[in-house]
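Undergrad: Dropping the structure in here first, questions after.
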2 protein chains.
Amino acid sequence: MSQPTAAMIVIGDEILSGRTADVNVQVLAVALGRAGIALAEVRMIRDIEGEIIDAVNVLREKYDNVFTSGGIGPTHDDITADSIAAAFGVGIDVREDARAILATNYANPEAELNDMRLRMARIPDGATLIDNPVSKAPGFTLGNVHVMAGVPKIFSVMVESVMPTLTGGAVMLSEELHFDRGEGQLAKPLSLIDAAHPLVSIGSYPRAKDGRFTVNVVARSTDADALAAAVADIRAID
Amino acid sequence: MSQPTAAMIVIGDEILSGRTADVNVQVLAVALGRAGIALAEVRMIRDIEGEIIDAVNVLREKYDNVFTSGGIGPTHDDITADSIAAAFGVGIDVREDARAILATNYANPEAELNDMRLRMARIPDGATLIDNPVSKAPGFTLGNVHVMAGVPKIFSVMVESVMPTLTGGAVMLSEELHFDRGEGQLAKPLSLIDAAHPLVSIGSYPRAKDGRFTVNVVARSTDADALAAAVADIRAID
């Protein structure tokens, strides 16, 4: 059993300016991993319609699933929903079911659900809504593209809302071994072990701490027996 | 004065698997920001030669500078240097100056500088070396592509080594204002202020905390007077 693939598009100048460090990539990667879906690529791009359209159209052809984060709020810089509609060549307008969900967020929706807030109920034709238990304003899925908020708390709950709708695959199993020496002493045996176990991918991740180098070796496979055999060989490195 | 642009390519399965959260994007974004260079795009991709070649060749045409992190160590999964040479269509081999620098890391280089470690001295034809005061193994610059290590401590010092070689631009100035209310109440005035100040870009970043929503509004411009005028208008929102 193989693994379906996924890509993520992080939309917004906030990350690229260095003002904020992204935390959503890891949240999505871990959730997909549990479902046996491989996160294969991430792109972080600016709030520019042409950039969003290009990234969405390339990645939705290349991978089984695409997830976007950011740009679906009520302000002028929130252009994701309109850009997704343009990427798919479909219309977009305020949709009654989305407006009704939004309205539950306000004590007096007649007065409070102003024009700008109603932007959050603009949904491309043919999309299904993604539930948002935190702040109501929904995300949406159009084709294989899942459009979600950038605020980490809301991104996380939207990921949980979407996961049951996805087709999962074989779960990637992994084992991590720590070596208290430099990577150069492990490189040769690891290369031989990697070549001998084609169903296992072996990564080597050096760390610098207090002027010394140590290595975490991570073996990954969807096949438990193959993984165990490779790990036994790695443990046997003297 | 405008801003030169840059892209970053994060190479490696470690981030995409969710095992590790990236920290290098923000380090690079902040360093570039100080030099007046705009980080315009980031791609995180797998350790696959074809993916590295495609990303490098697209991004080095599109942006003034490209920075890569990851995949330049001694192990079998370190394929970045060879992939960069292939992207440029140039040869690659162990280079004497890189070998001499590497040798200073070992008490007995004749014995310790083994075949795998020598992989770290493989430099594409025509590249210049990037200094690595932490662990000696150099990065390199080929054309407008700067190839650096993924280990955060080494990535940081390589960024510092490269910065003086770059052509900078106008520094992006920014001011952040905090509003203790929901984004929907600010959306309309912010949209008007954004339209009235074409030299300023205004971003609105909601946060969820203890069930309440607040907003950070960030105004950015390379023009100090334009920025001050926009900030005065934002402060005046009642």
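Chain labels run A, B, ... following the order of the structure tokens; each chain numbers its residues from 1, and ligands are numbered from 1 in the order shown.
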Using only C-alpha atoms, I'd like a table of the residues in region 43-82 of chain A that come within 12 Å of region 44-54 of chain B; for each, show the closest atom pair and its distance in Å rounded to one decimal, ordered by chain and ascending number, as a Markdown table.

TA:
| residue | atom | partner | partner_atom | distance |
| --- | --- | --- | --- | --- |
| A:Arg43 | CA | B:Met44 | CA | 6.4 |
| A:Met44 | CA | B:Met44 | CA | 8.6 |
| A:Ile45 | CA | B:Met44 | CA | 11.8 |
| A:Lys62 | CA | B:Glu51 | CA | 12.0 |

Undergrad: Using C-alpha atoms, can you write the selected residues to a file as a PDB file, in the first residue's frame?

TA:
ATOM      1  CA  ARG A  43       5.486  26.769  -0.599  1.00  0.00           C
ATOM      2  CA  MET A  44       5.365  30.055   1.304  1.00  0.00           C
ATOM      3  CA  ILE A  45       4.238  32.857  -0.983  1.00  0.00           C
ATOM      4  CA  LYS A  62       1.119  17.332  -9.008  1.00  0.00           C
TER       5      LYS A  62
END

Undergrad: List every residue of region 56-220 of chain A that DSSP, applied to the backbone, labels as strand (DSSP E), and write the result as a PyMOL selection string.

TA: chain A and resi 65-69+92-94+122-124+128-130+139-142+145-148+173-179+201-209+212-220

Undergrad: Wanna dump the chain B-chain A contacts at 8 Å for me, each residue with its shortest atom pair and the distance in Å to one decimal, counting only C-alpha atoms, ordered by chain and number, as CSV?

TA:
residue,atom,partner,partner_atom,distance
B:Asp13,CA,A:Gly203,CA,7.9
B:Glu14,CA,A:Gly203,CA,7.9
B:Ile15,CA,A:Gln26,CA,7.4
B:Leu16,CA,A:Leu39,CA,5.7
B:Ser17,CA,A:Ala29,CA,5.8
B:Gly18,CA,A:Gln26,CA,4.8
B:Arg19,CA,A:Gln26,CA,7.7
B:Thr20,CA,A:Gln26,CA,7.4
B:Ala21,CA,A:Gln26,CA,5.9
B:Val23,CA,A:Ala21,CA,7.4
B:Val25,CA,A:Gly18,CA,7.6
B:Gln26,CA,A:Gly18,CA,4.8
B:Val27,CA,A:Gly18,CA,7.4
B:Leu28,CA,A:Gly18,CA,7.9
B:Ala29,CA,A:Gly18,CA,4.8
B:Val30,CA,A:Gly18,CA,5.2
B:Gly33,CA,A:Ser17,CA,7.1
B:Ala38,CA,A:Ser17,CA,7.5
B:Leu39,CA,A:Leu16,CA,5.7
B:Ala40,CA,A:Arg46,CA,6.4
B:Glu41,CA,A:Ile45,CA,4.9
B:Val42,CA,A:Met44,CA,4.9
B:Arg43,CA,A:Arg43,CA,4.5
B:Met44,CA,A:Val42,CA,4.9
B:Ile45,CA,A:Glu41,CA,4.9
B:Arg46,CA,A:Ala40,CA,6.4
B:Gly73,CA,A:Glu183,CA,7.9
B:Pro74,CA,A:Gly184,CA,5.9
B:Thr75,CA,A:Ala187,CA,4.6
B:His76,CA,A:Ser191,CA,5.2
B:Asp77,CA,A:Gly203,CA,6.4
B:Asn114,CA,A:Gly184,CA,7.8
B:Met116,CA,A:Ala187,CA,6.0
B:Arg117,CA,A:Gly184,CA,5.3
B:Val151,CA,A:Arg207,CA,6.4
B:Lys153,CA,A:Ala208,CA,7.0
B:Glu183,CA,A:Pro74,CA,6.9
B:Gly184,CA,A:Arg117,CA,5.3
B:Leu186,CA,A:Thr75,CA,7.8
B:Ala187,CA,A:Thr75,CA,4.6
B:Lys188,CA,A:Met116,CA,6.3
B:Leu190,CA,A:Thr75,CA,7.4
B:Ser191,CA,A:His76,CA,5.3
B:Ile202,CA,A:Asp77,CA,7.7
B:Gly203,CA,A:Asp77,CA,6.4
B:Ser204,CA,A:Thr75,CA,7.0
B:Pro206,CA,A:Val151,CA,6.9
B:Arg207,CA,A:Val151,CA,6.4
B:Ala208,CA,A:Lys153,CA,7.0

Undergrad: Can you tell me, as JSON, numbers by chain, which residues in region 41-202 of chain A count as helix (DSSP H, G or I) by DSSP?

TA: {"A": [49, 50, 51, 52, 53, 54, 55, 56, 57, 58, 59, 60, 61, 62, 80, 81, 82, 83, 84, 85, 86, 87, 88, 96, 97, 98, 99, 100, 101, 102, 103, 109, 110, 111, 112, 115, 116, 117, 118, 119, 120, 121, 152, 153, 154, 155, 156, 157, 158, 159, 160, 161, 162, 163, 164, 165, 183, 184, 185, 187, 188, 189, 190, 191, 192, 193, 194, 195, 196]}

Undergrad: Using only C-alpha atoms, which of the listed residues (A:Leu142, A:Ala103, A:Ile234, A:Ile37) sits closest to Ala170 (chain A)?

TA: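 Result for the nearest residue to Ala170 (chain A): A:Ile37.
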
Undergrad: With distances taken over only C-alpha atoms, which residue among A:His197, A:Arg34, A:Arg95, A:Arg235 lies nearest Ala127 (chain A)?

TA: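 Of the candidates, the smallest distance to Ala127 (chain A) is held by A:Arg95.
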
Undergrad: Taking only C-alpha atoms into account, which of B:Phe179, B:Thr68, B:Glu110, B:Asp131 comes nearest Asp97 (chain B)?

TA: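 Closest to Asp97 (chain B), using only C-alpha atoms: B:Asp131.
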
Undergrad: Neighbouring residues of Asn57 (chain B) were defined as those with any atom within 10 Å, considering only C-alpha atoms; residues of the same chain fewer than 5 positions away were excluded. Please report them as number ranges by chain.

TA: B: 52, 62, 66, 84, 87-88, 145
